[in-house]
file structure.tsv (TSV, C-alpha atoms)
chain	number	residue	atom	x	y	z
A	253	MET	CA	120.35	137.73	35.55
A	254	ARG	CA	121.41	137.96	31.90
A	255	VAL	CA	118.79	135.90	30.10
A	256	HIS	CA	119.17	134.44	26.63
A	257	ARG	CA	117.56	136.63	23.99
A	258	VAL	CA	116.92	136.67	20.24
A	259	VAL	CA	116.52	140.12	18.67
A	260	GLU	CA	115.09	140.61	15.18
A	261	GLY	CA	113.85	143.53	13.10
A	262	ARG	CA	114.80	147.17	12.72
A	263	ASP	CA	117.31	148.49	15.22
A	264	ASP	CA	115.35	151.75	15.44
A	265	GLY	CA	111.88	150.20	15.51
A	266	PRO	CA	109.51	150.21	18.48
A	267	VAL	CA	110.46	147.31	20.74
A	268	VAL	CA	108.15	144.41	21.54
A	269	VAL	CA	109.36	141.95	24.19
A	270	PHE	CA	107.82	138.46	24.23
A	271	SER	CA	107.82	136.47	27.48
A	272	ASN	CA	107.28	132.70	27.42
A	273	SER	CA	105.12	130.31	29.41
A	274	ILE	CA	106.36	127.82	31.98
A	275	GLY	CA	107.90	124.82	30.24
A	276	SER	CA	108.49	126.56	26.90
A	277	ASP	CA	111.12	128.94	25.55
A	278	HIS	CA	111.39	131.83	23.09
A	279	ARG	CA	110.51	129.55	20.15
A	280	MET	CA	106.86	129.47	21.22
A	281	TRP	CA	106.59	132.99	19.75
A	282	GLU	CA	107.97	132.07	16.31
A	283	PRO	CA	104.60	132.63	14.54
A	284	GLN	CA	104.53	136.26	15.71
A	285	VAL	CA	108.02	137.28	14.56
A	286	ALA	CA	107.66	137.84	10.82
A	287	PRO	CA	104.36	139.77	10.97
A	288	LEU	CA	105.77	142.20	13.54
A	289	VAL	CA	109.13	142.59	11.83
A	290	GLU	CA	107.33	143.33	8.56
A	291	ARG	CA	105.46	146.13	10.35
A	292	GLY	CA	108.74	147.73	11.45
A	293	TYR	CA	108.97	146.46	15.03
A	294	ARG	CA	112.10	145.31	16.82
A	295	VAL	CA	111.13	141.92	18.23
A	296	VAL	CA	112.88	140.67	21.37
A	297	ARG	CA	112.20	137.12	22.49
A	298	TYR	CA	113.90	135.79	25.59
A	299	ASP	CA	114.00	132.63	27.68
A	300	THR	CA	112.75	133.06	31.23
A	301	ARG	CA	115.40	132.14	33.79
A	302	GLY	CA	115.54	128.39	34.21
A	303	HIS	CA	114.24	127.85	30.67
A	304	GLY	CA	115.78	127.36	27.25
A	305	ALA	CA	119.31	128.71	26.97
A	306	SER	CA	119.04	131.06	29.98
A	307	PRO	CA	120.95	130.34	33.21
A	308	VAL	CA	119.37	127.91	35.67
A	309	PRO	CA	120.09	129.17	39.19
A	310	ASP	CA	118.98	127.11	42.14
A	311	GLY	CA	115.50	127.95	43.40
A	312	PRO	CA	113.50	129.39	44.87
A	313	TYR	CA	112.62	132.08	42.36
A	314	GLU	CA	110.14	134.88	42.96
A	315	LEU	CA	108.06	136.83	40.47
A	316	SER	CA	110.19	139.88	41.31
A	317	ASP	CA	113.24	137.93	40.05
A	318	LEU	CA	111.55	137.26	36.71
A	319	GLY	CA	110.45	140.88	36.39
A	320	GLY	CA	113.89	142.13	37.37
A	321	ASP	CA	115.40	139.99	34.61
A	322	VAL	CA	113.25	141.83	32.05
A	323	VAL	CA	114.35	145.22	33.39
A	324	ALA	CA	117.98	144.04	33.14
A	325	LEU	CA	117.31	142.84	29.58
A	326	LEU	CA	115.96	146.25	28.57
A	327	ASP	CA	118.94	147.95	30.21
A	328	ASP	CA	121.33	145.62	28.41
A	329	LEU	CA	119.70	146.40	25.05
A	330	GLY	CA	119.60	150.14	25.74
A	331	VAL	CA	115.80	150.18	25.53
A	332	ASP	CA	113.94	152.77	27.62
A	333	GLN	CA	110.44	151.40	26.99
A	334	ALA	CA	108.93	148.37	25.31
A	335	HIS	CA	105.60	146.76	24.60
A	336	LEU	CA	105.42	143.57	26.69
A	337	VAL	CA	103.57	140.51	25.41
A	338	GLY	CA	103.48	137.58	27.84
A	339	LEU	CA	101.68	134.27	27.94
A	340	SER	CA	100.89	132.37	31.15
A	341	LEU	CA	104.01	132.81	33.33
A	342	GLY	CA	105.08	135.51	30.88
A	343	GLY	CA	101.81	137.34	31.46
A	344	MET	CA	102.34	137.10	35.21
A	345	THR	CA	105.77	138.66	34.69
A	346	GLY	CA	104.12	141.38	32.63
A	347	MET	CA	101.62	142.19	35.36
A	348	TRP	CA	104.43	142.44	37.92
A	349	LEU	CA	106.23	144.89	35.62
A	350	GLY	CA	103.05	146.88	35.10
A	351	ILE	CA	102.74	147.25	38.87
A	352	HIS	CA	106.39	147.75	39.84
A	353	ALA	CA	108.17	149.13	36.73
A	354	PRO	CA	105.50	150.79	34.56
A	355	GLU	CA	107.95	153.45	33.35
A	356	ARG	CA	109.74	150.75	31.34
A	357	LEU	CA	106.65	149.68	29.40
A	358	ARG	CA	104.45	151.19	26.70
A	359	SER	CA	101.72	148.57	26.87
A	360	LEU	CA	100.79	145.14	28.17
A	361	THR	CA	99.32	142.23	26.25
A	362	LEU	CA	98.46	139.44	28.68
A	363	CYS	CA	97.72	136.12	27.01
A	364	CYS	CA	96.18	133.00	28.57
A	365	THR	CA	97.27	133.98	32.05
A	366	SER	CA	96.07	134.53	35.60
A	367	ALA	CA	96.64	136.91	38.48
A	368	LYS	CA	96.20	134.03	40.96
A	369	LEU	CA	96.43	130.44	39.79
A	370	GLY	CA	95.74	127.91	42.50
A	371	PRO	CA	95.54	125.70	44.28
A	372	PRO	CA	99.05	126.26	45.67
A	373	GLU	CA	99.36	122.57	46.61
A	374	MET	CA	99.09	121.57	42.94
A	375	TRP	CA	102.15	123.65	42.03
A	376	ALA	CA	104.11	122.39	45.04
A	377	ASP	CA	103.29	118.80	44.07
A	378	ARG	CA	104.28	119.38	40.45
A	379	ALA	CA	107.58	120.94	41.50
A	380	ARG	CA	108.37	117.92	43.69
A	381	LEU	CA	107.48	115.54	40.86
A	382	VAL	CA	109.67	117.32	38.32
A	383	ARG	CA	112.62	117.51	40.71
A	384	ALA	CA	112.27	113.77	41.32
A	385	GLU	CA	111.53	112.51	37.80
A	386	GLY	CA	112.28	115.32	35.34
A	387	THR	CA	110.15	117.46	33.02
A	388	ALA	CA	109.49	114.51	30.69
A	389	VAL	CA	107.03	113.17	33.25
A	390	VAL	CA	104.75	116.20	32.82
A	391	ALA	CA	105.29	116.83	29.10
A	392	GLU	CA	102.40	114.76	27.75
A	393	ALA	CA	99.85	116.34	30.07
A	394	GLY	CA	101.41	119.76	29.58
A	395	VAL	CA	101.03	119.68	25.82
A	396	GLY	CA	97.50	118.41	26.35
A	397	ARG	CA	96.76	121.72	28.08
A	398	TRP	CA	98.70	123.77	25.51
A	399	VAL	CA	96.67	122.79	22.43
A	400	THR	CA	93.23	121.38	21.71
A	401	PRO	CA	92.58	117.73	20.77
A	402	ALA	CA	91.73	118.88	17.24
A	403	TYR	CA	95.16	120.52	16.90
A	404	VAL	CA	96.86	117.38	18.23
A	405	GLN	CA	95.16	115.32	15.55
A	406	ALA	CA	95.79	117.78	12.71
A	407	HIS	CA	99.40	118.78	13.50
A	408	PRO	CA	101.34	115.80	14.89
A	409	ASP	CA	104.75	117.24	13.92
A	410	GLN	CA	104.09	120.51	15.74
A	411	VAL	CA	102.78	118.66	18.78
A	412	ALA	CA	105.97	116.56	18.84
A	413	PHE	CA	108.01	119.78	18.66
A	414	LEU	CA	106.10	121.27	21.59
A	415	ARG	CA	106.50	118.08	23.61
A	416	ARG	CA	110.27	118.09	23.04
A	417	MET	CA	110.38	121.74	24.10
A	418	MET	CA	108.84	120.89	27.45
A	419	GLU	CA	110.94	117.74	27.88
A	420	ASP	CA	114.08	119.81	27.25
A	421	CYS	CA	113.14	122.43	29.86
A	422	PRO	CA	115.62	122.20	32.75
A	423	ASP	CA	114.10	120.36	35.70
A	424	GLU	CA	115.14	122.90	38.33
A	425	GLY	CA	114.05	125.86	36.20
A	426	TYR	CA	110.60	124.37	35.68
A	427	ALA	CA	110.23	123.40	39.34
A	428	ALA	CA	111.41	126.77	40.63
A	429	CYS	CA	108.93	128.55	38.35
A	430	CYS	CA	106.18	126.29	39.71
A	431	GLY	CA	107.08	127.87	43.05
A	432	VAL	CA	106.66	131.34	41.56
A	433	ILE	CA	103.13	130.51	40.48
A	434	GLU	CA	102.39	128.74	43.76
A	435	ARG	CA	103.11	131.94	45.74
A	436	MET	CA	101.73	134.49	43.24
A	437	ASP	CA	98.67	136.60	44.07
A	438	LEU	CA	98.39	139.83	42.09
A	439	LEU	CA	94.63	140.30	42.27
A	440	ALA	CA	94.63	143.14	44.81
A	441	GLU	CA	97.34	145.02	42.90
A	442	LEU	CA	95.77	144.95	39.44
A	443	PRO	CA	94.17	148.42	39.87
A	444	LYS	CA	97.72	149.84	40.13
A	445	ILE	CA	98.35	149.03	36.46
A	446	SER	CA	97.81	152.17	34.39
A	447	LEU	CA	99.25	150.96	31.07
A	448	PRO	CA	97.12	150.24	28.00
A	449	THR	CA	96.30	146.58	28.60
A	450	LEU	CA	94.85	143.89	26.37
A	451	VAL	CA	93.88	140.52	27.83
A	452	ILE	CA	93.62	137.63	25.35
A	453	ALA	CA	92.15	134.31	26.45
A	454	GLY	CA	91.70	130.99	24.68
A	455	ALA	CA	88.10	129.82	24.63
A	456	ASP	CA	89.23	126.21	25.19
A	457	ASP	CA	92.05	126.90	27.66
A	458	PRO	CA	91.84	124.34	30.49
A	459	ALA	CA	94.66	125.94	32.50
A	460	THR	CA	93.53	129.59	32.61
A	461	PRO	CA	89.99	129.65	31.20
A	462	PRO	CA	88.58	133.06	30.25
A	463	ASP	CA	86.14	132.91	33.14
A	464	PRO	CA	87.34	133.53	35.75
A	465	HIS	CA	90.99	134.24	34.92
A	466	GLY	CA	90.83	136.57	31.92
A	467	THR	CA	87.71	138.27	33.26
A	468	LEU	CA	89.29	139.00	36.64
A	469	ILE	CA	92.33	140.63	35.04
A	470	ALA	CA	90.26	142.69	32.60
A	471	GLU	CA	87.98	143.85	35.41
A	472	GLY	CA	90.89	144.57	37.75
A	473	VAL	CA	93.08	146.62	35.39
A	474	PRO	CA	91.52	150.03	34.67
A	475	GLY	CA	90.56	150.32	31.02
A	476	ALA	CA	91.68	146.81	30.09
A	477	ARG	CA	89.93	144.92	27.29
A	478	LEU	CA	89.32	141.16	27.09
A	479	GLU	CA	89.31	139.23	23.80
A	480	VAL	CA	88.46	135.52	23.69
A	481	VAL	CA	89.83	133.51	20.77
A	482	ALA	CA	87.90	130.47	19.58
A	483	SER	CA	89.51	127.04	19.17
A	484	ALA	CA	92.51	127.99	21.29
A	485	ALA	CA	93.82	126.22	24.37
A	486	HIS	CA	96.60	127.46	26.68
A	487	LEU	CA	99.29	128.10	24.06
A	488	GLY	CA	96.81	130.07	22.03
A	489	SER	CA	99.40	132.23	20.30
A	490	TYR	CA	100.84	129.06	18.75
A	491	GLU	CA	97.58	127.27	18.00
A	492	GLN	CA	95.77	130.32	16.56
A	493	PRO	CA	98.69	132.54	15.52
A	494	GLU	CA	96.84	134.66	12.96
A	495	GLU	CA	94.17	135.84	15.40
A	496	PHE	CA	96.55	136.36	18.32
A	497	THR	CA	98.96	138.29	16.10
A	498	ARG	CA	96.13	140.42	14.71
A	499	LEU	CA	94.99	141.34	18.20
A	500	ILE	CA	98.54	142.05	19.41
A	501	LEU	CA	99.30	144.27	16.42
A	502	ARG	CA	96.04	146.18	16.74
A	503	HIS	CA	96.71	146.82	20.41
A	504	ILE	CA	100.30	148.02	20.05
A	505	THR	CA	99.71	150.08	16.90
A	506	GLU	CA	96.34	151.65	17.68
A	507	GLY	CA	95.64	151.46	21.39
A	508	ALA	CA	99.09	151.86	22.94
A	509	GLN	CA	100.88	154.62	21.10
call {"tool": "encode", "arguments": {"input": "structure.tsv", "output": "structure tokens"}}
result
Amino acid sequence: MRVHRVVEGRDDGPVVVFSNSIGSDHRMWEPQVAPLVERGYRVVRYDTRGHGASPVPDGPYELSDLGGDVVALLDDLGVDQAHLVGLSLGGMTGMWLGIHAPERLRSLTLCCTSAKLGPPEMWADRARLVRAEGTAVVAEAGVGRWVTPAYVQAHPDQVAFLRRMMEDCPDEGYAACCGVIERMDLLAELPKISLPTLVIAGADDPATPPDPHGTLIAEGVPGARLEVVASAAHLGSYEQPEEFTRLILRHITEGAQ
């Protein structure tokens, strides 16, 4: 599927692809764009199928569909290899690519994500709810997982922006991606990933807390490193952009060349 993409930076720079979380779109990565472009990278942000301005096919979707969309994106851009940075669902997509299409990647940065995020019944129930009542019904709770209470109090305008982002997510796209997470279990396949891998977790993430989720990925991927960022919930790259960006840049410039 041809997903919506925004490409910025040098045409001949190393490519970094950013993959969004469920319920968000490419704008969640806005804080990372300028620092990477200034360092000479070509930054590619895209909307996962069913999100943002990308097509919204009827479900079900599988993780292989989301990974295949990234391969098609790279082909469309004429990019042989890219650094992949994914958060939550985007990190799950990154792990699938690291297992099934490692030749297309130079490194993985897996943010606030999980290799198995149960219970499955929770995701099935959420999908049914969203199909019945729309994404607005889960937006308040969703943003409550994305950022900490302190951030909510200090940045009401940004919180309102994030809430609108989730409310605007197409109902079927969100629900079908709930199904992806419901059926996902990558734990046994993590040792197949041979790419330089950085795992970043938010210390206050209620959705994918560092222990066990970040720890299990870092222990499962050979040579992977885990970093835990303080005062960060699930959308840690947005709540603590300076620290997430610093860690991403260090990984792709020093550890993944």
call {"tool": "closest_atom_pairs", "arguments": {"input": "structure.tsv", "of": "segment 306-390 of chain A", "to": "segment 480-501 of chain A", "cutoff": "10 Å", "atoms": "only C-alpha atoms", "output": "JSON lines"}}
result
{"residue": "A:His335", "atom": "CA", "partner": "A:Ile500", "partner_atom": "CA", "distance": 9.9}
{"residue": "A:Val337", "atom": "CA", "partner": "A:Ile500", "partner_atom": "CA", "distance": 8.0}
{"residue": "A:Leu339", "atom": "CA", "partner": "A:Leu487", "partner_atom": "CA", "distance": 7.7}
{"residue": "A:Ser340", "atom": "CA", "partner": "A:His486", "partner_atom": "CA", "distance": 7.9}
{"residue": "A:Leu360", "atom": "CA", "partner": "A:Ile500", "partner_atom": "CA", "distance": 9.6}
{"residue": "A:Thr361", "atom": "CA", "partner": "A:Ile500", "partner_atom": "CA", "distance": 6.9}
{"residue": "A:Leu362", "atom": "CA", "partner": "A:Ile500", "partner_atom": "CA", "distance": 9.6}
{"residue": "A:Cys363", "atom": "CA", "partner": "A:Gly488", "partner_atom": "CA", "distance": 7.9}
{"residue": "A:Cys364", "atom": "CA", "partner": "A:His486", "partner_atom": "CA", "distance": 5.9}
{"residue": "A:Thr365", "atom": "CA", "partner": "A:His486", "partner_atom": "CA", "distance": 8.5}
call {"tool": "write_last_selection", "arguments": {"input": "structure.tsv", "atoms": "C-alpha atoms", "output": "compact mmCIF listing (two decimals), keeping the file's coordinate frame"}}
result
# COMPACT_ATOMS: atom_id res chain seq x y z
CA HIS A 335 105.60 146.76 24.60
CA VAL A 337 103.57 140.51 25.41
CA LEU A 339 101.68 134.27 27.94
CA SER A 340 100.89 132.37 31.15
CA LEU A 360 100.79 145.14 28.17
CA THR A 361 99.32 142.23 26.25
CA LEU A 362 98.46 139.44 28.68
CA CYS A 363 97.72 136.12 27.01
CA CYS A 364 96.18 133.00 28.57
CA THR A 365 97.27 133.98 32.05
call {"tool": "residues_around", "arguments": {"input": "structure.tsv", "residues": "segment 464-472 of chain A", "least_positions_apart": "5", "cutoff": "7 Å", "atoms": "all atoms listed in the file", "output": "list in words"}}
result
Thr365, Ser366, Ala367, Leu442, Pro443, Val451, Ala453, Arg477 and Leu478 of chain A
call {"tool": "atom_distance", "arguments": {"input": "structure.tsv", "atom1": "atom CA of Leu439 of chain A", "atom2": "atom CA of Glu373 of chain A"}}
result
18.9 Å
call {"tool": "residues_around", "arguments": {"input": "structure.tsv", "residues": "Tyr293 of chain A", "least_positions_apart": "2", "cutoff": "9 Å", "atoms": "all atoms listed in the file", "output": "list in words"}}
result
Glu260, Gly261, Arg262, Asp263, Asp264, Gly265, Pro266, Val267, Val268, Leu288, Val289, Glu290, Arg291 and Val295 of chain A
call {"tool": "write_last_selection", "arguments": {"input": "structure.tsv", "atoms": "C-alpha atoms", "output": "short mmCIF file (atom, residue, chain, number, x, y, z; two decimals), in the frame of the given file"}}
result
data_model
loop_
_atom_site.label_atom_id
_atom_site.label_comp_id
_atom_site.auth_asym_id
_atom_site.auth_seq_id
_atom_site.Cartn_x
_atom_site.Cartn_y
_atom_site.Cartn_z
CA GLU A 260 115.09 140.61 15.18
CA GLY A 261 113.85 143.53 13.10
CA ARG A 262 114.80 147.17 12.72
CA ASP A 263 117.31 148.49 15.22
CA ASP A 264 115.35 151.75 15.44
CA GLY A 265 111.88 150.20 15.51
CA PRO A 266 109.51 150.21 18.48
CA VAL A 267 110.46 147.31 20.74
CA VAL A 268 108.15 144.41 21.54
CA LEU A 288 105.77 142.20 13.54
CA VAL A 289 109.13 142.59 11.83
CA GLU A 290 107.33 143.33 8.56
CA ARG A 291 105.46 146.13 10.35
CA VAL A 295 111.13 141.92 18.23
#
call {"tool": "closest_atom_pairs", "arguments": {"input": "structure.tsv", "of": "segment 425-481 of chain A", "to": "segment 296-302 of chain A", "cutoff": "12 Å", "atoms": "only C-alpha atoms", "output": "CSV"}}
result
residue,atom,partner,partner_atom,distance
A:Gly425,CA,A:Gly302,CA,3.5
A:Tyr426,CA,A:Gly302,CA,6.5
A:Ala427,CA,A:Gly302,CA,8.9
A:Ala428,CA,A:Gly302,CA,7.8
A:Cys429,CA,A:Gly302,CA,7.8
A:Cys430,CA,A:Gly302,CA,11.1
A:Val432,CA,A:Arg301,CA,11.7
call {"tool": "closest_residue", "arguments": {"input": "structure.tsv", "among": "A:Val404, A:Phe270, A:Arg356, A:Leu414", "to": "Gly330 of chain A", "atoms": "all atoms listed in the file"}}
result
A:Arg356
call {"tool": "atom_distance", "arguments": {"input": "structure.tsv", "atom1": "atom CA of Ile351 of chain A", "atom2": "atom CA of Lys444 of chain A"}}
result
5.8 Å
call {"tool": "closest_residue", "arguments": {"input": "structure.tsv", "among": "A:Pro458, A:Val411, A:Asp463, A:Leu438", "to": "Met280 of chain A", "atoms": "only C-alpha atoms"}}
result
A:Val411
call {"tool": "atom_distance", "arguments": {"input": "structure.tsv", "atom1": "atom CA of Glu355 of chain A", "atom2": "atom CA of Arg254 of chain A"}}
result
20.6 Å
